[in-house]
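S.K.: Structure supplied as my_file-v6.txt; contents: compact mmCIF, C-alpha atoms and all ligand atoms.
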```
# COMPACT_ATOMS: atom_id res chain seq x y z
CA MET A 227 21.45 -22.75 -12.40
CA THR A 228 19.92 -26.04 -11.39
CA ARG A 229 16.51 -26.39 -9.84
CA LYS A 230 18.20 -26.94 -6.49
CA SER A 231 20.16 -23.68 -6.67
CA HIS A 232 19.98 -21.25 -3.81
CA ILE A 233 18.83 -17.81 -5.00
CA ALA A 234 18.83 -14.70 -2.82
CA VAL A 235 16.24 -12.09 -3.83
CA VAL A 236 16.81 -8.67 -2.32
CA GLY A 237 13.68 -6.51 -2.13
CA ALA A 238 10.13 -7.73 -1.44
CA GLY A 239 8.24 -5.12 -3.48
CA ALA A 240 6.11 -6.00 -6.50
CA PHE A 241 9.14 -7.08 -8.53
CA GLY A 242 11.12 -9.00 -5.91
CA GLY A 243 8.15 -10.62 -4.18
CA TRP A 244 6.73 -12.14 -7.35
CA THR A 245 10.19 -13.13 -8.60
CA ALA A 246 10.87 -14.97 -5.34
CA LEU A 247 7.51 -16.75 -5.54
CA HIS A 248 8.06 -17.94 -9.13
CA LEU A 249 11.59 -19.09 -8.29
CA VAL A 250 10.45 -21.16 -5.31
CA ARG A 251 7.69 -22.72 -7.42
CA ARG A 252 10.28 -23.80 -9.95
CA GLY A 253 12.06 -25.74 -7.23
CA ALA A 254 14.85 -23.35 -6.20
CA ARG A 255 15.79 -22.69 -2.62
CA VAL A 256 15.00 -19.00 -2.23
CA THR A 257 15.82 -16.45 0.47
CA LEU A 258 13.93 -13.16 0.19
CA VAL A 259 15.44 -10.25 2.08
CA ASP A 260 13.91 -6.83 2.69
CA ALA A 261 15.20 -4.00 4.86
CA TRP A 262 11.76 -2.95 6.13
CA GLY A 263 9.40 -5.73 5.03
CA ALA A 264 7.13 -6.37 2.05
CA GLY A 265 5.15 -3.32 0.90
CA ASN A 266 6.73 -1.04 3.50
CA SER A 267 5.82 2.66 3.32
CA ARG A 268 9.19 3.74 1.91
CA SER A 269 9.01 1.29 -0.98
CA SER A 270 7.46 2.23 -4.32
CA SER A 271 5.04 -0.66 -3.90
CA GLY A 272 3.95 0.54 -0.48
CA GLY A 273 0.89 2.61 -1.47
CA GLU A 274 -2.81 1.86 -1.01
CA SER A 275 -3.59 1.27 -4.67
CA ARG A 276 -2.02 0.84 -8.10
CA ILE A 277 -3.81 0.88 -11.44
CA ILE A 278 -3.91 -2.15 -13.70
CA ARG A 279 -4.70 -1.41 -17.36
CA ALA A 280 -3.49 -2.51 -20.77
CA THR A 281 -3.87 0.75 -22.74
CA TYR A 282 -0.20 1.55 -23.32
CA GLY A 283 0.23 3.24 -26.70
CA PRO A 284 1.68 1.69 -29.88
CA SER A 285 4.61 -0.75 -30.20
CA GLN A 286 5.51 -1.67 -26.66
CA PRO A 287 5.79 -4.90 -24.66
CA TYR A 288 3.47 -3.83 -21.84
CA THR A 289 -0.02 -4.58 -23.18
CA LYS A 290 0.92 -8.24 -23.55
CA MET A 291 2.62 -8.25 -20.14
CA ALA A 292 -0.38 -6.57 -18.53
CA ALA A 293 -2.68 -9.21 -20.05
CA ARG A 294 -0.55 -12.00 -18.59
CA ALA A 295 -0.26 -10.18 -15.26
CA MET A 296 -4.02 -9.69 -15.12
CA GLN A 297 -4.52 -13.42 -15.64
CA LEU A 298 -2.07 -14.19 -12.81
CA TRP A 299 -3.56 -11.61 -10.42
CA ASN A 300 -7.01 -13.13 -11.02
CA GLU A 301 -5.77 -16.70 -10.56
CA HIS A 302 -3.99 -15.84 -7.33
CA GLU A 303 -6.94 -13.95 -5.92
CA LYS A 304 -8.93 -17.15 -6.19
CA ARG A 305 -6.11 -19.44 -5.10
CA TRP A 306 -5.34 -17.38 -1.97
CA GLY A 307 -8.88 -16.24 -1.22
CA ALA A 308 -7.56 -12.70 -0.91
CA ASN A 309 -9.16 -9.59 -2.37
CA LEU A 310 -6.19 -8.14 -4.27
CA LEU A 311 -7.96 -6.41 -7.13
CA HIS A 312 -10.88 -3.97 -7.48
CA LYS A 313 -12.16 -4.73 -10.99
CA VAL A 314 -13.96 -1.43 -11.49
CA GLY A 315 -12.70 -0.79 -15.04
CA VAL A 316 -10.30 1.88 -16.26
CA LEU A 317 -11.45 4.92 -18.23
CA TRP A 318 -8.80 6.65 -20.29
CA MET A 319 -9.84 10.16 -21.38
CA ALA A 320 -8.23 11.73 -24.46
CA ALA A 321 -8.34 15.47 -23.79
CA THR A 322 -5.70 16.96 -26.11
CA GLU A 323 -5.40 17.45 -29.87
CA ASP A 324 -2.69 14.82 -29.91
CA ASP A 325 -4.30 11.44 -29.35
CA ASP A 326 -1.61 9.30 -31.01
CA PHE A 327 -1.11 7.47 -27.74
CA GLU A 328 -4.78 6.48 -27.51
CA ARG A 329 -5.21 5.77 -31.27
CA GLY A 330 -2.00 3.74 -31.24
CA SER A 331 -3.24 1.71 -28.27
CA LEU A 332 -6.31 0.38 -30.07
CA PRO A 333 -4.67 -2.11 -32.48
CA VAL A 334 -2.49 -3.43 -29.67
CA LEU A 335 -5.50 -3.91 -27.41
CA ARG A 336 -7.23 -5.79 -30.22
CA GLU A 337 -4.15 -7.92 -30.92
CA HIS A 338 -3.99 -9.06 -27.30
CA GLU A 339 -7.75 -9.52 -27.02
CA ILE A 340 -8.18 -6.96 -24.27
CA ILE A 341 -11.87 -6.18 -23.92
CA HIS A 342 -12.33 -2.46 -24.44
CA GLU A 343 -14.79 0.12 -25.69
CA GLU A 344 -14.19 3.32 -27.61
CA LEU A 345 -16.52 5.93 -26.19
CA SER A 346 -17.53 9.40 -27.31
CA ALA A 347 -17.67 12.26 -24.79
CA ASN A 348 -21.47 12.08 -24.83
CA GLU A 349 -21.49 8.36 -24.14
CA MET A 350 -19.11 8.83 -21.23
CA ALA A 351 -21.14 11.73 -19.82
CA SER A 352 -24.33 9.70 -19.75
CA ARG A 353 -22.60 6.72 -18.17
CA TRP A 354 -20.70 8.67 -15.49
CA PRO A 355 -22.65 11.87 -14.70
CA GLN A 356 -20.32 12.60 -11.75
CA ILE A 357 -17.58 13.53 -14.25
CA ASN A 358 -17.43 16.82 -16.15
CA PHE A 359 -16.10 15.82 -19.60
CA ASP A 360 -15.28 19.37 -20.80
CA GLY A 361 -12.34 19.19 -23.19
CA VAL A 362 -12.45 15.39 -23.45
CA ARG A 363 -12.69 14.29 -27.07
CA TRP A 364 -13.12 10.55 -26.66
CA GLY A 365 -12.09 7.72 -24.39
CA ILE A 366 -11.13 4.09 -24.01
CA PHE A 367 -12.80 1.99 -21.35
CA GLU A 368 -11.27 -1.29 -20.19
CA PRO A 369 -13.92 -3.01 -18.08
CA LYS A 370 -11.57 -5.74 -16.80
CA GLY A 371 -9.00 -3.27 -15.49
CA GLY A 372 -9.10 -1.55 -12.16
CA PHE A 373 -6.74 -1.19 -9.26
CA LEU A 374 -4.71 -3.44 -7.03
CA ARG A 375 -4.52 -3.18 -3.26
CA ALA A 376 -0.80 -2.62 -3.49
CA ARG A 377 0.71 -2.83 -0.02
CA TYR A 378 -1.66 -5.59 0.99
CA ALA A 379 -0.85 -7.56 -2.18
CA CYS A 380 2.90 -7.39 -1.44
CA GLN A 381 2.28 -8.69 2.05
CA VAL A 382 0.11 -11.53 0.77
CA VAL A 383 2.72 -12.50 -1.85
CA ALA A 384 5.47 -12.59 0.81
CA LYS A 385 3.29 -14.66 3.14
CA GLU A 386 2.40 -17.15 0.40
CA PHE A 387 6.04 -17.32 -0.67
CA VAL A 388 6.92 -18.52 2.84
CA ALA A 389 3.94 -20.91 2.85
CA GLU A 390 5.30 -22.45 -0.38
CA GLY A 391 8.72 -23.05 1.14
CA GLY A 392 10.62 -19.76 0.76
CA GLU A 393 12.58 -18.13 3.54
CA PHE A 394 12.05 -14.46 4.43
CA THR A 395 14.53 -12.30 6.36
CA GLU A 396 13.94 -8.71 7.40
CA ALA A 397 17.38 -7.10 7.13
CA ALA A 398 19.20 -4.67 4.87
CA VAL A 399 21.89 -5.85 2.48
CA LEU A 400 24.89 -3.61 3.06
CA PRO A 401 25.88 -1.86 -0.15
CA LYS A 402 29.66 -1.94 0.22
CA GLY A 403 31.36 -3.95 -2.47
CA LEU A 404 28.25 -5.06 -4.34
CA GLU A 405 29.60 -3.76 -7.66
CA LYS A 406 32.64 -5.99 -7.27
CA GLY A 407 30.60 -9.17 -7.01
CA SER A 408 29.05 -11.39 -4.43
CA LYS A 409 31.36 -14.39 -4.35
CA GLU A 410 31.66 -14.20 -0.59
CA GLY A 411 27.97 -13.52 -0.18
CA LEU A 412 26.00 -10.53 0.97
CA ARG A 413 26.60 -8.80 4.27
CA LEU A 414 23.37 -8.09 6.13
CA SER A 415 22.54 -5.39 8.67
CA ASN A 416 21.93 -8.06 11.34
CA GLY A 417 25.60 -9.07 11.13
CA SER A 418 25.02 -12.28 9.18
CA GLU A 419 26.15 -13.26 5.70
CA LEU A 420 23.96 -14.61 2.96
CA VAL A 421 25.75 -16.83 0.46
CA ALA A 422 23.77 -18.05 -2.55
CA ASP A 423 24.39 -19.32 -6.07
CA ALA A 424 22.74 -16.29 -7.62
CA TYR A 425 21.43 -12.94 -6.45
CA VAL A 426 18.49 -10.92 -7.73
CA PHE A 427 18.46 -7.28 -6.69
CA ALA A 428 14.92 -5.91 -6.95
CA CYS A 429 15.51 -2.82 -4.84
CA GLY A 430 13.36 -0.33 -6.75
CA PRO A 431 14.50 3.27 -6.16
CA TRP A 432 17.55 2.13 -4.15
CA LEU A 433 19.23 0.36 -7.08
CA GLY A 434 21.27 3.40 -8.09
CA GLN A 435 22.74 3.66 -4.58
CA LEU A 436 23.52 -0.06 -4.41
CA PHE A 437 25.12 -0.17 -7.86
CA PRO A 438 26.51 3.32 -8.39
CA GLU A 439 28.62 2.34 -11.42
CA THR A 440 26.24 -0.01 -13.22
CA ILE A 441 22.98 1.80 -12.42
CA GLY A 442 23.72 5.16 -10.77
CA ALA A 443 21.62 7.86 -12.46
CA LEU A 444 19.96 5.35 -14.80
CA ILE A 445 17.32 5.04 -12.10
CA ARG A 446 16.16 8.45 -10.97
CA PRO A 447 13.78 8.47 -7.99
CA THR A 448 11.32 11.39 -8.16
CA ARG A 449 8.97 12.72 -5.50
CA GLN A 450 5.29 12.07 -6.25
CA GLU A 451 2.34 13.34 -4.22
CA ILE A 452 -1.02 11.64 -3.79
CA PHE A 453 -4.17 13.10 -2.28
CA PHE A 454 -7.25 11.34 -0.91
CA PHE A 455 -10.35 13.52 -0.65
CA GLY A 456 -13.42 12.73 1.43
CA PRO A 457 -16.39 11.93 -0.86
CA PRO A 458 -19.94 12.95 0.02
CA PRO A 459 -21.92 10.20 1.75
CA GLY A 460 -23.84 7.74 -0.39
CA GLY A 461 -21.23 6.07 -2.56
CA GLU A 462 -21.59 8.17 -5.76
CA PHE A 463 -17.79 8.56 -5.84
CA SER A 464 -16.94 5.05 -4.71
CA VAL A 465 -16.01 1.83 -6.49
CA ALA A 466 -19.73 1.04 -6.74
CA LYS A 467 -20.27 3.90 -9.20
CA LEU A 468 -17.00 5.02 -10.79
CA PRO A 469 -14.06 3.42 -12.59
CA VAL A 470 -10.38 4.26 -12.28
CA TRP A 471 -9.64 7.17 -14.60
CA GLY A 472 -6.66 8.61 -16.43
CA ASP A 473 -6.94 12.07 -17.93
CA HIS A 474 -4.55 12.84 -20.78
CA ARG A 475 -4.56 16.64 -20.89
CA ASP A 476 -1.76 19.22 -20.53
CA ARG A 477 -0.70 17.25 -17.44
CA PHE A 478 -1.56 13.61 -17.01
CA MET A 479 -3.87 13.36 -13.99
CA TYR A 480 -5.26 10.11 -12.67
CA GLY A 481 -7.08 8.65 -9.74
CA MET A 482 -9.54 6.19 -8.43
CA PRO A 483 -12.85 6.06 -6.68
CA ALA A 484 -13.13 5.70 -2.91
CA SER A 485 -12.80 2.14 -1.62
CA ASP A 486 -12.25 0.25 1.59
CA GLY A 487 -13.65 3.21 3.56
CA ARG A 488 -10.80 5.46 2.31
CA GLY A 489 -10.83 8.59 0.17
CA PHE A 490 -11.12 9.48 -3.52
CA LYS A 491 -7.58 9.45 -4.92
CA VAL A 492 -6.18 12.22 -7.13
CA ALA A 493 -2.59 12.35 -8.39
CA ASP A 494 -0.48 14.17 -10.94
CA ASP A 495 1.83 11.97 -13.01
CA THR A 496 4.28 14.81 -13.76
CA ARG A 497 7.73 13.88 -12.49
CA GLY A 498 8.60 15.70 -9.27
CA PRO A 499 12.05 16.64 -7.95
CA ALA A 500 14.74 14.10 -7.05
CA PHE A 501 13.93 12.15 -3.91
CA ASP A 502 15.80 9.96 -1.44
CA PRO A 503 13.63 6.91 -0.70
CA SER A 504 15.22 6.29 2.71
CA THR A 505 15.33 9.78 4.20
CA GLY A 506 13.15 12.01 1.98
CA ASP A 507 10.50 14.17 3.70
CA ARG A 508 7.07 12.73 2.95
CA THR A 509 4.97 15.79 3.73
CA VAL A 510 2.91 16.94 0.74
CA SER A 511 3.37 20.48 -0.63
CA ALA A 512 0.81 23.30 -0.54
CA GLU A 513 1.24 23.78 -4.32
CA GLY A 514 0.59 20.11 -5.01
CA LEU A 515 -2.55 20.18 -2.89
CA GLN A 516 -3.77 23.34 -4.61
CA ARG A 517 -3.28 21.77 -8.06
CA ALA A 518 -5.07 18.59 -7.04
CA ARG A 519 -7.98 20.62 -5.60
CA GLU A 520 -8.34 22.76 -8.71
CA TYR A 521 -8.36 19.69 -10.89
CA LEU A 522 -10.82 17.85 -8.64
CA GLY A 523 -13.27 20.77 -8.66
CA PHE A 524 -13.09 21.01 -12.44
CA ARG A 525 -13.42 17.33 -13.38
CA PHE A 526 -15.60 16.17 -10.45
CA PRO A 527 -17.68 19.29 -9.63
CA ALA A 528 -19.58 17.74 -6.71
CA MET A 529 -16.22 17.12 -5.00
CA LYS A 530 -15.13 20.78 -5.30
CA ASN A 531 -14.93 21.48 -1.57
CA ALA A 532 -14.24 17.95 -0.42
CA PRO A 533 -11.92 17.78 2.58
CA LEU A 534 -8.47 16.25 2.25
CA ILE A 535 -8.60 13.17 4.46
CA GLU A 536 -5.24 11.51 3.69
CA SER A 537 -2.13 12.18 1.64
CA ARG A 538 1.06 10.36 0.73
CA VAL A 539 4.42 11.04 -0.82
CA CYS A 540 5.92 8.17 -2.78
CA GLN A 541 8.64 7.97 -5.42
CA TYR A 542 8.81 6.76 -8.98
CA GLU A 543 12.04 4.99 -9.92
CA ASN A 544 12.47 6.24 -13.49
CA THR A 545 14.75 4.92 -16.18
CA PRO A 546 15.59 7.30 -19.04
CA ASP A 547 13.19 5.57 -21.45
CA GLU A 548 10.75 4.38 -18.75
CA ASN A 549 11.30 0.76 -19.71
CA PHE A 550 12.17 -1.72 -16.99
CA ILE A 551 15.63 -3.11 -16.30
CA ILE A 552 15.98 -6.91 -16.24
CA ASP A 553 19.58 -7.85 -16.80
CA GLN A 554 22.72 -9.46 -15.46
CA HIS A 555 25.37 -7.32 -13.87
CA PRO A 556 27.93 -6.77 -16.65
CA ASP A 557 30.83 -8.11 -14.53
CA ASN A 558 29.02 -10.65 -12.35
CA GLN A 559 26.94 -13.21 -14.19
CA ASN A 560 25.32 -14.50 -10.99
CA VAL A 561 23.91 -11.07 -10.14
CA TRP A 562 20.63 -9.90 -11.70
CA ILE A 563 19.31 -6.38 -11.52
CA VAL A 564 15.54 -5.96 -11.77
CA GLY A 565 13.80 -2.60 -11.47
CA GLY A 566 13.07 0.70 -13.15
CA GLY A 567 9.28 0.38 -12.77
CA SER A 568 9.13 4.07 -13.76
CA GLY A 569 5.71 4.71 -12.27
CA HIS A 570 3.99 1.80 -14.05
CA GLY A 571 5.64 -1.35 -12.74
CA PHE A 572 3.34 -2.62 -10.05
CA LYS A 573 0.64 -4.24 -12.20
CA HIS A 574 3.29 -6.25 -14.07
CA GLY A 575 4.75 -7.89 -10.94
CA PRO A 576 3.39 -11.42 -11.54
CA ALA A 577 4.35 -11.47 -15.25
CA LEU A 578 7.73 -9.88 -14.65
CA GLY A 579 8.48 -12.37 -11.86
CA GLU A 580 7.90 -15.21 -14.33
CA MET A 581 10.29 -13.65 -16.83
CA VAL A 582 12.99 -13.14 -14.23
CA ALA A 583 12.65 -16.70 -12.93
CA ASP A 584 13.12 -18.00 -16.50
CA CYS A 585 16.21 -15.83 -16.92
CA VAL A 586 17.81 -16.87 -13.63
CA LEU A 587 17.04 -20.59 -13.71
CA GLN A 588 16.91 -21.35 -17.43
CA GLY A 589 19.49 -18.89 -18.70
CA LYS A 590 16.99 -17.13 -20.96
CA GLU A 591 17.89 -13.63 -22.12
CA SER A 592 15.59 -10.84 -21.13
CA ASP A 593 13.83 -8.78 -23.80
CA SER A 594 16.33 -6.39 -25.43
CA GLN A 595 14.19 -3.44 -24.32
CA PHE A 596 14.96 -4.38 -20.72
CA ARG A 597 18.71 -4.87 -21.08
CA LEU A 598 21.32 -2.45 -19.82
CA SER A 599 23.06 -2.36 -23.19
CA ARG A 600 20.29 -0.10 -24.50
CA PHE A 601 21.78 2.75 -22.45
CA ALA A 602 25.23 2.47 -23.98
CA SER A 603 24.54 5.05 -26.64
CA ARG A 604 24.40 8.78 -27.16
CA HIS A 605 20.65 8.50 -27.46
CA ALA A 606 20.56 7.29 -23.86
CA SER A 607 22.61 10.25 -22.59
CA ALA A 608 20.16 12.57 -24.32
CA LEU A 609 17.27 10.77 -22.65
CA LEU A 610 18.99 11.06 -19.28
CA SER A 611 18.82 14.84 -19.45
CA ASP A 612 15.26 14.93 -20.80
CA LYS A 613 12.78 15.76 -18.05
CA THR A 614 9.65 15.84 -20.22
CA LEU A 615 8.59 12.25 -20.26
CA TRP A 616 5.56 10.98 -22.13
CA PRO A 617 3.62 8.68 -22.30
CA PRO A 618 2.21 8.72 -18.80
CA THR A 619 2.73 5.84 -16.51
CA GLN A 620 0.68 4.09 -13.80
C1 LIG B 1 2.74 7.31 -6.41
C2 LIG B 1 2.94 6.12 -7.27
C3 LIG B 1 1.90 5.69 -8.09
C4 LIG B 1 2.09 4.59 -8.90
N1 LIG B 1 1.04 4.14 -9.63
C5 LIG B 1 1.15 2.97 -10.30
C6 LIG B 1 0.01 2.40 -10.91
O1 LIG B 1 -1.08 2.98 -10.83
N2 LIG B 1 0.14 1.22 -11.55
C7 LIG B 1 1.34 0.56 -11.63
O2 LIG B 1 1.39 -0.51 -12.24
N3 LIG B 1 2.45 1.09 -11.04
C8 LIG B 1 2.37 2.25 -10.38
N4 LIG B 1 3.45 2.79 -9.75
C9 LIG B 1 4.77 2.16 -9.92
C10 LIG B 1 4.96 0.94 -9.08
O3 LIG B 1 4.40 1.13 -7.79
C11 LIG B 1 6.46 0.63 -8.98
O4 LIG B 1 7.02 0.61 -10.29
C12 LIG B 1 6.68 -0.72 -8.34
O5 LIG B 1 5.97 -0.80 -7.13
C13 LIG B 1 8.17 -0.93 -8.10
O6 LIG B 1 8.33 -2.13 -7.40
P1 LIG B 1 9.78 -2.63 -7.02
O7 LIG B 1 9.60 -3.97 -6.42
O8 LIG B 1 10.71 -2.50 -8.18
O9 LIG B 1 10.32 -1.57 -5.95
P2 LIG B 1 9.91 -1.35 -4.43
O10 LIG B 1 8.48 -1.55 -4.23
O11 LIG B 1 10.48 -0.04 -4.01
O12 LIG B 1 10.64 -2.49 -3.65
C14 LIG B 1 12.02 -2.46 -3.38
C15 LIG B 1 12.24 -3.12 -2.04
O13 LIG B 1 13.65 -3.23 -1.83
C16 LIG B 1 13.91 -3.08 -0.45
N5 LIG B 1 15.32 -2.69 -0.31
C17 LIG B 1 15.92 -1.61 -0.85
N6 LIG B 1 17.23 -1.62 -0.54
C18 LIG B 1 17.45 -2.73 0.19
C19 LIG B 1 18.60 -3.29 0.79
N7 LIG B 1 19.81 -2.72 0.71
N8 LIG B 1 18.47 -4.45 1.48
C20 LIG B 1 17.25 -5.07 1.58
N9 LIG B 1 16.14 -4.57 1.03
C21 LIG B 1 16.23 -3.42 0.33
C22 LIG B 1 12.93 -1.98 -0.02
O14 LIG B 1 12.64 -2.03 1.36
C23 LIG B 1 11.70 -2.29 -0.87
O15 LIG B 1 10.73 -3.05 -0.16
C24 LIG B 1 3.32 3.90 -8.92
C25 LIG B 1 4.36 4.34 -8.09
C26 LIG B 1 4.16 5.42 -7.26
C27 LIG B 1 5.27 5.85 -6.36
```
Please render this file's structure as structure tokens.
M.R.:
Amino acid sequence: MTRKSHIAVVGAGAFGGWTALHLVRRGARVTLVDAWGAGNSRSSSGGESRIIRATYGPSQPYTKMAARAMQLWNEHEKRWGANLLHKVGVLWMAATEDDDFERGSLPVLREHEIIHEELSANEMASRWPQINFDGVRWGIFEPKGGFLRARYACQVVAKEFVAEGGEFTEAAVLPKGLEKGSKEGLRLSNGSELVADAYVFACGPWLGQLFPETIGALIRPTRQEIFFFGPPPGGEFSVAKLPVWGDHRDRFMYGMPASDGRGFKVADDTRGPAFDPSTGDRTVSAEGLQRAREYLGFRFPAMKNAPLIESRVCQYENTPDENFIIDQHPDNQNVWIVGGGSGHGFKHGPALGEMVADCVLQGKESDSQFRLSRFASRHASALLSDKTLWPPTQ
């Protein structure tokens, strides 16, 4: 690819939006296409908030990526004068006998110079008296982490992409024939054709439908429920007083304090049933609500009877090993497939976009952990049938 190449990026979520922006900054002509617009409510990026943290367990590429992403989120907040990030810190609670994930995170956090504290249960209890730390053995606190205003951030990225010279089209790319290549361009739902030198498909949970042979079940969308409870007045459960928290117990529960006049978020990271991102019913279940309530009352006793004020159903787009996919289509070298955020992709958008732009324009290879070839083994088939995924995501 030359700098003057025309690149079509399909999907304006966290992955596609940032990829398009980095491509246009490197001098390419870029057309970004999305069926329903950046950060739309069907997309995986279309929620209120997404956690940004670097605690990620041992031997993985994500702590380094999160550090780079954090730097880019901060830079762009200033550059655009937009409040993208609530830097309230992230508290990770270790509440099971097995704390290999947390212990293994510490050297990696040190290696990448991520500011963090190791805290005992007593230290945490005196710092955050709103939380009942029963069963929590110790914790990691990352003061520079927090949460991103997800949908808003996608919209800002798309707007700035256009301001920097990119072209945005709201239309769906029709799936027929994509596996066979895009020599004659993409057919769009508005009847037009989009011909480019290269194509990046960053279609999150839709990638399996668009590329049934290459991706198919390698990306499994699962139904995830999120609950926002009404805090008592006075801000004790808001961003002014509490960090984001992740609770590693029998189930991985997580959430964030109330912000922007909205509720206190509680969610269960356990993978739900299969979900269709276009047509799936987004009404939360009574069982999910009951579980969230029980948990809330236990861990945040003053919130025990808090009213539910909002809820959402979203989907994770899981790969078998929960690593991302950044790779060329095996039969079409000008087609890139980018996705598999697996419940933890959002924060990485700016860093991932840089990587993809380097791959597309400079011919760099993506990290082997992100390539499709990793699935061409028996190990991968075993992973495909394994429903008990750990570590947690976000
Ligand atoms: C409930 C929930 C909580 C999460 N929590 C966190 C968290 O705390 N921290 C974190 O880092 N990550 C988190 N994640 C994961 C993260 O949100 C996703 O990994 C990330 O947003 C995926 O981005 P994406 O760009 O790959 O996909 P998407 O955001 O789904 O974007 C894909 C885009 O492609 C478009 N599209 C699809 N098909 C077509 C087509 N044919 N033509 C044109 N456009 C098309 C869609 O409209 C969509 O906008 C969470 C996810 C969920 C669901």
S.K.: Given all atoms listed in the file, how would the per-residue table for chain A near ligand LIG 1 (chain B) read, listing every residue at most 7 Å away with its closest atom pair and distance in Å to one decimal, sorted by chain and number, as CSV?
M.R.:
```
residue,atom,partner,partner_atom,distance
A:Val236,CA,B:LIG1,C20,5.3
A:Gly237,CA,B:LIG1,O13,3.3
A:Ala238,CA,B:LIG1,O15,4.9
A:Gly239,CA,B:LIG1,O7,3.4
A:Ala240,CA,B:LIG1,O7,4.0
A:Phe241,CA,B:LIG1,O7,3.8
A:Gly242,CA,B:LIG1,O7,5.3
A:Val259,CA,B:LIG1,C20,5.5
A:Asp260,CA,B:LIG1,N9,3.6
A:Ala261,CA,B:LIG1,N9,4.0
A:Trp262,CA,B:LIG1,O14,4.9
A:Gly263,CA,B:LIG1,O15,6.0
A:Ala264,CA,B:LIG1,O15,5.4
A:Gly265,CA,B:LIG1,O15,5.7
A:Asn266,CA,B:LIG1,O15,5.8
A:Arg268,CA,B:LIG1,O14,6.7
A:Ser269,CA,B:LIG1,O11,3.6
A:Ser270,CA,B:LIG1,O11,3.8
A:Ser271,CA,B:LIG1,O5,3.4
A:Gly272,CA,B:LIG1,O10,6.2
A:Ser275,CA,B:LIG1,O1,6.9
A:Arg276,CA,B:LIG1,O1,3.6
A:Ile277,CA,B:LIG1,O1,3.5
A:Ile278,CA,B:LIG1,N2,5.7
A:Ala397,CA,B:LIG1,C20,5.9
A:Ala398,CA,B:LIG1,N8,3.5
A:Val399,CA,B:LIG1,N8,3.8
A:Leu400,CA,B:LIG1,N7,5.7
A:Pro401,CA,B:LIG1,N7,6.2
A:Ala428,CA,B:LIG1,O8,5.6
A:Cys429,CA,B:LIG1,O13,3.6
A:Gly430,CA,B:LIG1,O9,3.4
A:Pro431,CA,B:LIG1,O11,5.6
A:Trp432,CA,B:LIG1,N6,5.2
A:Leu436,CA,B:LIG1,N7,6.9
A:Gln450,CA,B:LIG1,C1,5.4
A:Glu451,CA,B:LIG1,C1,6.4
A:Ile452,CA,B:LIG1,C1,6.3
A:Val539,CA,B:LIG1,C1,6.9
A:Cys540,CA,B:LIG1,C27,4.3
A:Gln541,CA,B:LIG1,C27,4.1
A:Tyr542,CA,B:LIG1,C27,4.5
A:Glu543,CA,B:LIG1,O4,6.7
A:Val564,CA,B:LIG1,O8,6.9
A:Gly565,CA,B:LIG1,O8,4.5
A:Gly566,CA,B:LIG1,O8,6.4
A:Gly567,CA,B:LIG1,O4,3.4
A:Ser568,CA,B:LIG1,O4,5.3
A:Gly569,CA,B:LIG1,C9,3.6
A:His570,CA,B:LIG1,N3,3.5
A:Gly571,CA,B:LIG1,O4,3.4
A:Phe572,CA,B:LIG1,O2,3.6
A:Lys573,CA,B:LIG1,O2,3.8
A:His574,CA,B:LIG1,O2,6.3
A:Gln620,CA,B:LIG1,C6,3.4
```
S.K.: Using the file's own x, y and z axes, what box holds all listed atoms of region 292-309 of chain A with 8 Å on each side, keeping edges along x, y and z, and what are its centre and edge lengths in Å to one decimal, as lines of an AutoDock Vina configuration file?
M.R.:
```
center_x = -4.7
center_y = -13.0
center_z = -10.5
size_x = 24.9
size_y = 28.9
size_z = 35.1
```
S.K.: Which of these residues is nearest to Asn544 (chain A), using all atoms listed in the file: A:Ala347, A:Leu298, A:Ala422, A:Ala443?
M.R.: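 Of all the options, A:Ala443 lies closest to Asn544 (chain A).
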S.K.: At most 10 Å is the cut-off: for each residue in region 332-447 of chain A with any atom that close to an atom of region 546-563 of chain A, write down the nearest atom pair and the distance in Å rounded to one decimal, counting all atoms listed in the file, chain first then increasing number, as a tab-separated table.
M.R.:
```
residue	atom	partner	partner_atom	distance
A:Leu404	CA	A:Val561	CA	9.4
A:Glu405	CA	A:Asp557	CA	8.2
A:Lys406	CA	A:Asp557	CA	7.8
A:Gly407	CA	A:Asn558	CA	5.8
A:Ser408	CA	A:Val561	CA	7.7
A:Lys409	CA	A:Asn560	CA	9.0
A:Ala422	CA	A:Asn560	CA	9.3
A:Asp423	CA	A:Asn560	CA	7.0
A:Ala424	CA	A:Asn560	CA	4.6
A:Tyr425	CA	A:Val561	CA	4.8
A:Val426	CA	A:Trp562	CA	4.6
A:Phe427	CA	A:Ile563	CA	5.0
A:Ala428	CA	A:Ile563	CA	6.4
A:Cys429	CA	A:Ile563	CA	8.5
A:Gly430	CA	A:Ile563	CA	9.7
A:Leu433	CA	A:Ile563	CA	8.1
A:Phe437	CA	A:Ile563	CA	9.3
A:Thr440	CA	A:His555	CA	7.4
A:Ile441	CA	A:Ile563	CA	9.0
A:Ala443	CA	A:Pro546	CA	8.9
A:Leu444	CA	A:Pro546	CA	6.4
A:Ile445	CA	A:Pro546	CA	7.5
A:Arg446	CA	A:Pro546	CA	8.2
```
S.K.: One number please: CA of Phe490 (chain A) to CA of Gly456 (chain A), in Å, one decimal.
M.R.: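 Rounded to one decimal, the two atoms are 6.4 Å apart.
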S.K.: Expressed in Å to a single decimal, how great is the separation between CA of Ser346 (chain A) and CA of Arg363 (chain A)?
M.R.: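 Interatomic distance here is 6.9 Å.
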S.K.: List the residues sitting within 10 Å of (-21.4, 22.2, -14.1) in the file's frame, using only C-alpha atoms, as number ranges by chain.
M.R.: A: 356-360, 523-528
